[in-house]
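> So I've got this file, model.txt, and it contains compact mmCIF, C-alpha atoms and all ligand atoms:
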# COMPACT_ATOMS: atom_id res chain seq x y z
CA MET A 1 99.75 109.95 114.55
CA GLN A 2 97.57 112.69 113.13
CA THR A 3 94.23 112.39 111.35
CA LEU A 4 93.17 114.92 108.74
CA PRO A 5 89.56 114.51 107.63
CA ILE A 6 88.72 115.16 103.96
CA GLN A 7 85.11 116.30 103.60
CA LEU A 8 83.68 115.93 100.11
CA ASN A 9 80.14 116.42 98.82
CA THR A 10 80.33 113.24 96.78
CA ALA A 11 81.54 111.01 99.64
CA ARG A 12 79.12 109.41 102.07
CA ARG A 13 81.52 109.88 104.96
CA ASP A 14 84.79 111.68 105.69
CA ILE A 15 87.90 110.20 104.17
CA ASN A 16 90.69 110.21 106.71
CA PHE A 17 94.25 111.07 105.78
CA ILE A 18 96.33 109.49 108.55
CA ILE A 19 99.93 110.57 108.91
CA GLY A 20 102.59 109.18 111.25
CA HIS A 21 105.06 106.34 111.81
CA SER A 22 104.51 102.58 111.81
CA LEU A 23 100.94 102.74 110.60
CA TRP A 24 100.52 99.01 109.87
CA GLU A 25 98.67 98.42 113.13
CA PRO A 26 96.17 101.29 112.73
CA LEU A 27 95.61 100.13 109.13
CA ARG A 28 95.02 96.55 110.30
CA GLN A 29 92.49 97.73 112.87
CA PHE A 30 90.73 99.88 110.26
CA LEU A 31 90.41 96.91 107.91
CA HIS A 32 89.09 94.66 110.68
CA ARG A 33 86.61 97.32 111.77
CA GLN A 34 85.34 98.55 108.39
CA TYR A 35 85.71 95.48 106.19
CA PRO A 36 85.62 92.40 108.47
CA HIS A 37 83.87 90.25 105.86
CA HIS A 38 85.57 91.58 102.72
CA SER A 39 88.25 89.75 100.81
CA LEU A 40 91.51 91.69 100.89
CA PHE A 41 93.98 92.29 98.04
CA VAL A 42 97.19 94.30 98.07
CA ILE A 43 98.65 95.84 94.90
CA CYS A 44 102.17 97.25 94.63
CA ASP A 45 104.94 97.56 92.06
CA GLU A 46 107.83 95.07 92.12
CA THR A 47 110.30 97.50 93.73
CA VAL A 48 107.94 98.30 96.58
CA GLY A 49 107.02 94.60 96.76
CA ALA A 50 110.69 93.68 97.27
CA LEU A 51 111.05 96.28 100.03
CA TYR A 52 107.71 96.02 101.82
CA GLY A 53 105.85 92.97 100.45
CA GLU A 54 106.96 90.78 103.34
CA ALA A 55 105.85 93.35 105.92
CA ALA A 56 102.51 93.79 104.14
CA ARG A 57 101.89 90.03 104.23
CA GLU A 58 102.99 89.74 107.85
CA GLN A 59 100.77 92.61 108.93
CA LEU A 60 97.68 92.03 106.83
CA ALA A 61 97.46 88.27 106.32
CA SER A 62 95.74 87.93 109.70
CA HIS A 63 92.69 89.58 108.14
CA PRO A 64 90.05 86.85 107.70
CA GLY A 65 89.56 87.78 104.04
CA TRP A 66 93.25 87.94 103.10
CA LYS A 67 93.72 86.82 99.47
CA ALA A 68 96.92 87.92 97.76
CA LEU A 69 99.56 90.50 97.04
CA LEU A 70 99.67 91.30 93.32
CA SER A 71 102.52 93.20 91.71
CA PHE A 72 103.47 94.76 88.40
CA PRO A 73 106.76 96.17 87.02
CA ALA A 74 107.76 99.53 88.52
CA GLY A 75 107.60 102.62 86.33
CA GLU A 76 105.34 104.95 84.40
CA SER A 77 104.97 102.49 81.50
CA SER A 78 102.89 100.24 83.77
CA LYS A 79 100.14 102.86 83.85
CA SER A 80 98.75 101.13 80.77
CA ARG A 81 95.72 99.19 79.57
CA GLU A 82 97.90 96.10 79.40
CA HIS A 83 98.76 96.23 83.10
CA LYS A 84 95.25 97.23 84.10
CA ASP A 85 93.96 94.16 82.22
CA ALA A 86 96.56 91.92 83.84
CA LEU A 87 95.60 93.05 87.36
CA GLU A 88 91.89 92.66 86.62
CA ASP A 89 92.50 89.15 85.25
CA GLN A 90 94.40 88.19 88.39
CA LEU A 91 91.78 89.68 90.69
CA LEU A 92 88.89 87.98 88.92
CA ALA A 93 90.77 84.67 88.78
CA ARG A 94 90.95 84.89 92.58
CA ARG A 95 87.24 85.62 92.71
CA ALA A 96 87.46 89.26 93.72
CA GLY A 97 83.85 90.30 94.12
CA ARG A 98 81.98 93.43 95.09
CA ASP A 99 82.85 92.56 98.67
CA SER A 100 86.60 92.96 98.06
CA VAL A 101 88.83 95.73 99.30
CA LEU A 102 92.00 96.83 97.58
CA VAL A 103 95.05 98.28 99.33
CA ALA A 104 97.43 100.17 96.98
CA ILE A 105 100.96 100.41 98.41
CA GLY A 106 103.32 102.59 96.40
CA GLY A 107 103.96 105.82 94.57
CA GLY A 108 101.72 107.76 92.23
CA VAL A 109 101.91 105.10 89.52
CA THR A 110 100.53 102.44 91.85
CA GLY A 111 97.89 104.76 93.28
CA ASP A 112 96.69 105.81 89.82
CA LEU A 113 96.72 102.30 88.33
CA ALA A 114 95.34 100.33 91.29
CA GLY A 115 92.89 103.17 91.93
CA TYR A 116 91.54 102.90 88.40
CA VAL A 117 91.23 99.13 88.78
CA ALA A 118 89.30 99.66 92.04
CA ALA A 119 87.10 102.31 90.38
CA THR A 120 85.95 100.02 87.59
CA LEU A 121 85.99 96.49 89.04
CA HIS A 122 82.34 95.63 89.73
CA ARG A 123 81.66 99.36 89.21
CA GLY A 124 83.82 100.23 92.19
CA ILE A 125 85.27 98.43 95.20
CA PRO A 126 86.75 100.11 98.32
CA LEU A 127 90.29 101.41 97.90
CA ILE A 128 92.87 102.31 100.53
CA HIS A 129 96.05 104.19 99.64
CA LEU A 130 99.39 103.65 101.38
CA PRO A 131 101.49 106.26 99.56
CA THR A 132 105.21 105.42 99.73
CA THR A 133 106.81 108.29 97.77
CA LEU A 134 106.92 111.90 98.89
CA LEU A 135 105.02 112.87 95.73
CA ALA A 136 102.26 110.40 96.52
CA GLN A 137 102.03 111.50 100.18
CA VAL A 138 101.79 115.22 99.43
CA ASP A 139 99.86 115.05 96.20
CA SER A 140 98.69 112.05 94.18
CA SER A 141 97.01 110.02 96.95
CA ILE A 142 94.73 112.97 97.79
CA GLY A 143 91.89 114.11 95.58
CA GLY A 144 90.60 110.99 93.91
CA LYS A 145 92.15 111.27 90.46
CA VAL A 146 92.96 107.77 89.19
CA GLY A 147 93.84 106.62 85.73
CA ILE A 148 96.23 105.26 83.17
CA ASN A 149 98.02 106.51 80.06
CA HIS A 150 97.06 105.90 76.43
CA PRO A 151 99.56 105.93 73.54
CA ALA A 152 97.91 109.25 72.55
CA GLY A 153 98.74 110.89 75.88
CA LYS A 154 99.16 110.80 79.64
CA ASN A 155 96.25 110.16 81.99
CA LEU A 156 93.76 110.05 79.10
CA LEU A 157 91.77 107.21 80.66
CA GLY A 158 90.63 107.71 84.21
CA ALA A 159 88.07 108.64 86.79
CA PHE A 160 87.50 110.59 89.96
CA TYR A 161 87.34 107.85 92.57
CA GLN A 162 87.85 108.62 96.23
CA PRO A 163 89.65 106.17 98.51
CA ALA A 164 88.12 105.02 101.80
CA ALA A 165 91.27 106.15 103.64
CA ILE A 166 94.89 107.17 103.11
CA TYR A 167 97.69 106.02 105.44
CA ALA A 168 100.82 108.13 104.88
CA ASP A 169 103.63 106.45 106.82
CA ILE A 170 106.74 108.63 107.02
CA ASN A 171 108.96 105.55 107.47
CA PHE A 172 108.49 104.69 103.79
CA LEU A 173 110.28 107.86 102.76
CA HIS A 174 113.66 106.69 104.11
CA SER A 175 114.14 104.05 101.43
CA LEU A 176 113.41 106.41 98.54
CA PRO A 177 116.32 107.05 96.18
CA ASP A 178 117.50 110.69 96.37
CA ASP A 179 116.15 111.68 92.97
CA GLU A 180 112.68 110.34 93.87
CA TYR A 181 112.78 112.28 97.13
CA PHE A 182 113.78 115.56 95.44
CA ASN A 183 111.18 114.84 92.76
CA GLY A 184 108.50 115.04 95.47
CA LEU A 185 110.06 118.17 96.97
CA ALA A 186 109.27 120.02 93.72
CA GLU A 187 105.55 119.69 94.54
CA VAL A 188 106.24 120.82 98.11
CA ILE A 189 107.95 123.95 96.74
CA LYS A 190 104.97 124.51 94.47
CA TYR A 191 102.58 124.56 97.46
CA ALA A 192 104.87 127.06 99.17
CA VAL A 193 104.81 129.34 96.12
CA ILE A 194 101.08 129.27 95.48
CA MET A 195 99.62 129.14 98.97
CA ASP A 196 101.92 129.10 101.95
CA ASP A 197 104.60 131.58 103.01
CA GLU A 198 105.22 129.73 106.26
CA LEU A 199 106.02 126.53 104.36
CA TRP A 200 108.36 128.60 102.16
CA GLY A 201 110.11 129.77 105.34
CA TRP A 202 110.57 126.19 106.59
CA LEU A 203 112.00 125.14 103.22
CA GLU A 204 114.55 127.95 103.44
CA ARG A 205 115.40 127.66 107.12
CA ASP A 206 115.40 123.89 107.61
CA SER A 207 116.88 122.79 104.29
CA GLU A 208 119.70 120.75 105.84
CA GLY A 209 117.36 118.73 108.03
CA ILE A 210 114.90 118.32 105.17
CA ILE A 211 117.66 117.02 102.89
CA ARG A 212 118.74 114.63 105.69
CA ARG A 213 115.07 113.53 105.91
CA GLU A 214 114.70 114.18 109.62
CA ASN A 215 111.47 112.59 110.75
CA ALA A 216 109.99 115.58 112.54
CA LEU A 217 110.53 117.78 109.49
CA LEU A 218 109.18 115.16 107.09
CA GLU A 219 106.07 114.78 109.18
CA ARG A 220 105.57 118.52 109.43
CA ILE A 221 105.95 119.00 105.67
CA VAL A 222 103.75 116.07 104.61
CA SER A 223 101.08 117.13 107.06
CA ARG A 224 101.11 120.75 105.89
CA CYS A 225 101.06 119.87 102.17
CA ALA A 226 98.28 117.33 102.71
CA GLN A 227 96.25 120.03 104.48
CA LEU A 228 96.80 122.41 101.56
CA LYS A 229 95.81 119.84 98.95
CA ILE A 230 92.77 118.83 101.02
CA ARG A 231 91.71 122.47 101.20
CA VAL A 232 91.90 122.82 97.42
CA VAL A 233 90.15 119.52 96.70
CA GLN A 234 87.37 120.27 99.16
CA ALA A 235 86.76 123.59 97.41
CA ASP A 236 86.80 122.13 93.90
CA GLU A 237 86.67 118.35 93.82
CA LYS A 238 86.23 117.91 90.05
CA GLU A 239 88.66 120.63 88.92
CA ALA A 240 85.99 123.02 87.67
CA GLU A 241 88.31 125.97 88.24
CA TYR A 242 89.98 126.61 91.60
CA ARG A 243 91.85 123.28 91.64
CA SER A 244 93.83 124.61 88.65
CA ILE A 245 95.95 126.63 91.07
CA LEU A 246 97.83 123.36 91.53
CA ASN A 247 98.90 123.62 87.88
CA PHE A 248 101.49 126.31 88.61
CA GLY A 249 104.58 125.22 86.64
CA HIS A 250 102.70 122.35 85.05
CA THR A 251 101.93 123.85 81.61
CA VAL A 252 105.50 123.83 80.34
CA GLY A 253 106.39 121.09 82.85
CA HIS A 254 103.97 118.62 81.25
CA ALA A 255 105.14 119.54 77.76
CA ILE A 256 108.82 118.81 78.44
CA GLU A 257 107.94 115.70 80.45
CA GLN A 258 106.03 114.42 77.43
CA LEU A 259 108.74 115.47 74.94
CA SER A 260 111.34 113.59 77.01
CA ARG A 261 109.06 110.52 76.74
CA TYR A 262 108.87 110.59 80.55
CA ARG A 263 112.59 110.06 81.01
CA LEU A 264 112.54 113.44 82.76
CA LYS A 265 110.84 112.99 86.12
CA HIS A 266 107.72 115.02 86.83
CA GLY A 267 109.25 117.08 89.66
CA TYR A 268 112.29 118.07 87.62
CA ALA A 269 110.03 119.03 84.69
CA ILE A 270 107.73 121.19 86.80
CA ALA A 271 110.75 122.78 88.51
CA ALA A 272 111.73 124.24 85.13
CA GLY A 273 108.06 124.99 84.44
CA MET A 274 107.85 126.93 87.74
CA GLN A 275 110.89 129.03 86.84
CA ILE A 276 109.24 129.96 83.54
CA ALA A 277 105.86 130.61 85.17
CA ALA A 278 107.51 132.80 87.83
CA ARG A 279 109.24 134.84 85.14
CA LEU A 280 106.00 135.27 83.21
CA SER A 281 104.29 136.25 86.47
CA ARG A 282 106.85 138.98 87.00
CA THR A 283 106.55 140.48 83.51
CA HIS A 284 102.75 140.19 83.25
CA LEU A 285 101.42 140.56 86.75
CA GLY A 286 104.09 142.27 88.81
CA TYR A 287 105.15 139.22 90.81
CA PRO A 288 108.12 140.51 92.86
CA GLU A 289 111.61 139.89 91.50
CA GLU A 290 112.64 138.87 95.03
CA ARG A 291 110.16 135.95 94.88
CA VAL A 292 111.44 134.87 91.47
CA ARG A 293 114.97 134.82 92.86
CA GLY A 294 113.82 133.09 96.07
CA LEU A 295 112.19 130.32 94.03
CA ASN A 296 115.37 129.84 92.01
CA ARG A 297 117.34 129.60 95.27
CA LEU A 298 114.98 126.97 96.67
CA LEU A 299 115.21 124.91 93.48
CA GLU A 300 119.00 125.11 93.69
CA VAL A 301 119.12 124.05 97.35
CA TYR A 302 116.94 121.02 96.60
CA GLN A 303 118.91 120.10 93.46
CA LEU A 304 115.98 120.78 91.20
CA ASN A 305 117.61 123.42 88.99
CA ARG A 306 119.36 121.00 86.66
CA THR A 307 116.62 120.37 84.16
CA PRO A 308 118.33 120.56 80.74
CA LEU A 309 115.89 122.94 79.03
CA GLN A 310 118.41 123.46 76.24
CA ASP A 311 117.72 119.87 75.15
CA PHE A 312 114.22 120.93 74.07
CA SER A 313 113.48 123.09 71.06
CA PHE A 314 111.07 125.88 71.84
CA GLU A 315 109.08 125.12 68.66
CA GLU A 316 108.47 121.56 69.83
CA VAL A 317 107.39 122.78 73.25
CA TRP A 318 105.03 125.30 71.66
CA GLU A 319 103.54 122.65 69.40
CA CYS A 320 103.03 120.36 72.37
CA LEU A 321 101.20 123.15 74.21
CA GLN A 322 98.73 123.52 71.34
CA SER A 323 97.31 120.09 72.14
CA ASP A 324 97.24 120.76 75.90
CA LYS A 325 93.79 120.41 77.46
CA LYS A 326 94.25 123.85 79.01
CA SER A 327 94.84 125.68 75.68
CA ARG A 328 92.07 127.83 74.24
CA ARG A 329 92.22 129.28 70.71
CA GLN A 330 95.92 128.45 70.29
CA SER A 331 97.01 130.38 73.40
CA PRO A 332 98.21 128.15 76.21
CA ARG A 333 96.71 129.10 79.57
CA PHE A 334 98.95 129.39 82.59
CA THR A 335 98.47 129.55 86.32
CA LEU A 336 100.55 132.59 87.23
CA MET A 337 101.18 134.54 90.43
CA ASN A 338 100.22 138.19 90.72
CA GLY A 339 101.81 141.04 92.64
CA GLU A 340 100.00 140.06 95.85
CA ASN A 341 101.37 136.50 95.72
CA LYS A 342 97.95 135.21 94.68
CA PRO A 343 97.46 132.72 91.84
CA GLU A 344 95.69 133.88 88.67
CA LEU A 345 94.11 131.05 86.69
CA PHE A 346 93.95 130.51 82.92
CA TYR A 347 96.19 133.45 82.01
CA PRO A 348 96.74 133.40 78.20
CA ILE A 349 100.31 133.70 76.98
CA GLU A 350 101.45 134.54 73.45
CA LYS A 351 104.16 132.62 71.66
CA ALA A 352 106.81 135.41 71.67
CA GLU A 353 106.29 136.06 75.39
CA LEU A 354 106.74 132.42 76.24
CA GLU A 355 109.79 132.14 74.02
CA ASP A 356 111.44 135.00 75.94
CA ALA A 357 110.78 133.35 79.30
CA PHE A 358 111.87 129.95 77.95
CA SER A 359 115.18 131.24 76.59
CA ALA A 360 115.95 133.20 79.76
CA THR A 361 115.70 130.08 81.95
N1 LIG B 401 96.39 111.18 90.86
C1 LIG B 401 96.94 112.36 90.99
O1 LIG B 401 96.31 113.34 91.47
C2 LIG B 401 98.38 112.54 90.63
C3 LIG B 401 99.07 113.70 91.00
C4 LIG B 401 100.42 113.81 90.68
C5 LIG B 401 101.05 112.77 90.01
N2 LIG B 401 100.34 111.65 89.67
C6 LIG B 401 100.99 110.53 88.98
O2 LIG B 401 101.95 109.98 89.85
C7 LIG B 401 102.95 109.30 89.09
C8 LIG B 401 104.30 109.60 89.65
O3 LIG B 401 104.33 109.17 90.99
P1 LIG B 401 105.71 108.82 91.72
O4 LIG B 401 106.67 109.91 91.47
O5 LIG B 401 105.38 108.45 93.10
O6 LIG B 401 106.26 107.60 90.84
P2 LIG B 401 106.27 106.02 91.08
O7 LIG B 401 105.04 105.51 91.63
O8 LIG B 401 106.74 105.44 89.78
O9 LIG B 401 107.45 105.82 92.14
C9 LIG B 401 108.76 106.21 91.79
C10 LIG B 401 109.75 105.07 91.99
O10 LIG B 401 109.98 104.93 93.38
C11 LIG B 401 109.82 103.57 93.78
N3 LIG B 401 109.35 103.61 95.16
C12 LIG B 401 108.12 103.92 95.60
N4 LIG B 401 108.10 103.97 96.93
C13 LIG B 401 109.35 103.67 97.35
C14 LIG B 401 109.97 103.59 98.63
N5 LIG B 401 109.29 103.88 99.74
N6 LIG B 401 111.28 103.26 98.69
C15 LIG B 401 111.98 103.02 97.54
N7 LIG B 401 111.46 103.10 96.32
C16 LIG B 401 110.15 103.43 96.23
C17 LIG B 401 108.85 103.00 92.78
O11 LIG B 401 108.99 101.61 92.68
C18 LIG B 401 109.26 103.72 91.50
O12 LIG B 401 110.34 103.05 90.92
C19 LIG B 401 102.75 109.77 87.65
O13 LIG B 401 102.19 108.73 86.89
C20 LIG B 401 101.77 110.92 87.77
O14 LIG B 401 100.94 111.03 86.63
C21 LIG B 401 99.02 111.52 89.97
Show how you would write the structure in this file as structure tokens.

Amino acid sequence: MQTLPIQLNTARRDINFIIGHSLWEPLRQFLHRQYPHHSLFVICDETVGALYGEAAREQLASHPGWKALLSFPAGESSKSREHKDALEDQLLARRAGRDSVLVAIGGGVTGDLAGYVAATLHRGIPLIHLPTTLLAQVDSSIGGKVGINHPAGKNLLGAFYQPAAIYADINFLHSLPDDEYFNGLAEVIKYAVIMDDELWGWLERDSEGIIRRENALLERIVSRCAQLKIRVVQADEKEAEYRSILNFGHTVGHAIEQLSRYRLKHGYAIAAGMQIAARLSRTHLGYPEERVRGLNRLLEVYQLNRTPLQDFSFEEVWECLQSDKKSRRQSPRFTLMNGENKPELFYPIEKAELEDAFSAT
């Protein structure tokens, strides 16, 4: 078990990111120690509930304040006002007060939804994340962004709300369907591209073991990515500027994710977005051709190079980018890589240039 402290100006104490195997017991002890008199609620989606609900009850029901495990249907469409309302109604019906603590067990959808409930119930109750997808362990559980979608767009309602702790148990990753696992690996590849050559080396050298989900490799990768995300969040908690380095591949990625009405998973969308961003980086900033090819190889090895870009019309993608939060004066802004393998933020790209990169992918 390894503990990575997250030190934030806005938090009264360090938030610990704990990584390891079989973390129920350390979590139980933490709850007994920090919240002995709180009432305790667990929130998960129905898929995670079917897999781990029993274990959660067995492990946590000995807490003196144990109340209930609440669940909602799995999937992005549950990140909605309707499901937020339903959870709040259930919590309040069970007399959840300011002295309640909420444990969110699941992927990014659960973390975002339950996190937003925790952020607003009684103006904020303690929240603990147990991320169960690779994406949630390396990305969404860290940094305090919580929220839900609105019919007008993704993540339009939300808050920055830091958890009290994050328990990333590697054992959860073994029950993930393959496509969910590879989906998370897209974010891992992104960290390698923007900040970490050593991680890139592991992804190349140890691909067979990573695909087999060998525990030692999983732990090494989750730990490294968590450290990278923590470093970025500590430097720029509210995404004033530096945190935008994490948007590499996300400009076009978000657009095609949205155009597919979220049938295309996030990781597969940003994989295509990274290929486009790498190409733009080469033509505009001298990013080495060898790196562009290396990225394409990694995406191929991890089965992330099958995003059907031809299903999207460039005009639709361009139109979608006009409404992107990151666009200024009609030019979408990209995070690109320069010739020294360093990210450049908010790089403006013209329509014809993007169309070239889009058609070449
Ligand atoms: N807050 C942030 O900083 C941040 C960052 C990135 C992404 N996100 C959000 O995260 C969401 C995507 O997260 P996700 O990819 O984890 O999706 P998800 O939460 O929907 O999980 C994917 C699927 O895997 C299932 N699942 C979860 N854990 C499992 C396990 N251990 N075994 C078997 N099945 C399991 C879930 O039930 C679901 O069907 C998006 O809504 C995105 O906006 C948030």
> When distances are computed from all atoms listed in the file, which of A:Leu173, A:Ile142, A:Val193, A:Val42 shows the smallest separation from Asn338 in chain A?
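When distances to Asn338 in chain A are compared using all atoms listed in the file, the smallest one comes from A:Val193.
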> At a cut-off of 8 Å and counting only C-alpha atoms and all ligand atoms, what residues surround ligand LIG 401 (chain B)? Please answer as a count of residues only.
47
> Which distance in Å separates CA of Ala269 in chain A and CA of Phe358 in chain A, to one decimal?
13.0 Å
> Nearest to Arg293 in chain A: which of A:Gln310, A:Thr361, A:Ser331, A:Thr10 is it, counting all atoms listed in the file?
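Nearest candidate to Arg293 in chain A out of A:Gln310, A:Thr361, A:Ser331, A:Thr10: A:Thr361.
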> Which residues, written as an MDAnalysis selection string, have at least one atom at most 12 Å from Gln90 in chain A, with only C-alpha atoms counted and residues fewer than 3 positions away on the same chain left out?
chainID A and resid 41:43 67:72 83:87 93:96 117 121
> Quick one: pull the distance between CA of Leu345 in chain A and CA of Asp196 in chain A, Å, one decimal.
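Pair CA of Leu345 in chain A / CA of Asp196 in chain A returns 17.3 Å.
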> Using only C-alpha atoms, find each residue of range 137-198 of chain A with at least one atom at most 7 Å away from an atom of range 20-24 of chain A; report its shortest atom-to-atom pair and that distance in Å (one decimal), sort the rows by chain and rising residue number, and return the result as a tab-separated table.

residue	atom	partner	partner_atom	distance
A:Tyr167	CA	A:Leu23	CA	6.9
A:Ala168	CA	A:Gly20	CA	6.7
A:Asp169	CA	A:His21	CA	5.2
A:Ile170	CA	A:His21	CA	5.6
A:Asn171	CA	A:His21	CA	5.9
> Can you tell me, as a PyMOL selection string, which residues sit within 12 Å of (119.4, 121.9, 94.8) in the file's frame, using all atoms listed in the file?
chain A and resi 178-179+181-183+185-186+189+203-204+207-208+210-211+268+271+295-307
> Residues of the last selection are to be written out with C-alpha atoms, as a short mmCIF file (atom, residue, chain, number, x, y, z; two decimals), in the frame of the given file.

data_model
loop_
_atom_site.label_atom_id
_atom_site.label_comp_id
_atom_site.auth_asym_id
_atom_site.auth_seq_id
_atom_site.Cartn_x
_atom_site.Cartn_y
_atom_site.Cartn_z
CA ASP A 178 117.50 110.69 96.37
CA ASP A 179 116.15 111.68 92.97
CA TYR A 181 112.78 112.28 97.13
CA PHE A 182 113.78 115.56 95.44
CA ASN A 183 111.18 114.84 92.76
CA LEU A 185 110.06 118.17 96.97
CA ALA A 186 109.27 120.02 93.72
CA ILE A 189 107.95 123.95 96.74
CA LEU A 203 112.00 125.14 103.22
CA GLU A 204 114.55 127.95 103.44
CA SER A 207 116.88 122.79 104.29
CA GLU A 208 119.70 120.75 105.84
CA ILE A 210 114.90 118.32 105.17
CA ILE A 211 117.66 117.02 102.89
CA TYR A 268 112.29 118.07 87.62
CA ALA A 271 110.75 122.78 88.51
CA LEU A 295 112.19 130.32 94.03
CA ASN A 296 115.37 129.84 92.01
CA ARG A 297 117.34 129.60 95.27
CA LEU A 298 114.98 126.97 96.67
CA LEU A 299 115.21 124.91 93.48
CA GLU A 300 119.00 125.11 93.69
CA VAL A 301 119.12 124.05 97.35
CA TYR A 302 116.94 121.02 96.60
CA GLN A 303 118.91 120.10 93.46
CA LEU A 304 115.98 120.78 91.20
CA ASN A 305 117.61 123.42 88.99
CA ARG A 306 119.36 121.00 86.66
CA THR A 307 116.62 120.37 84.16
#
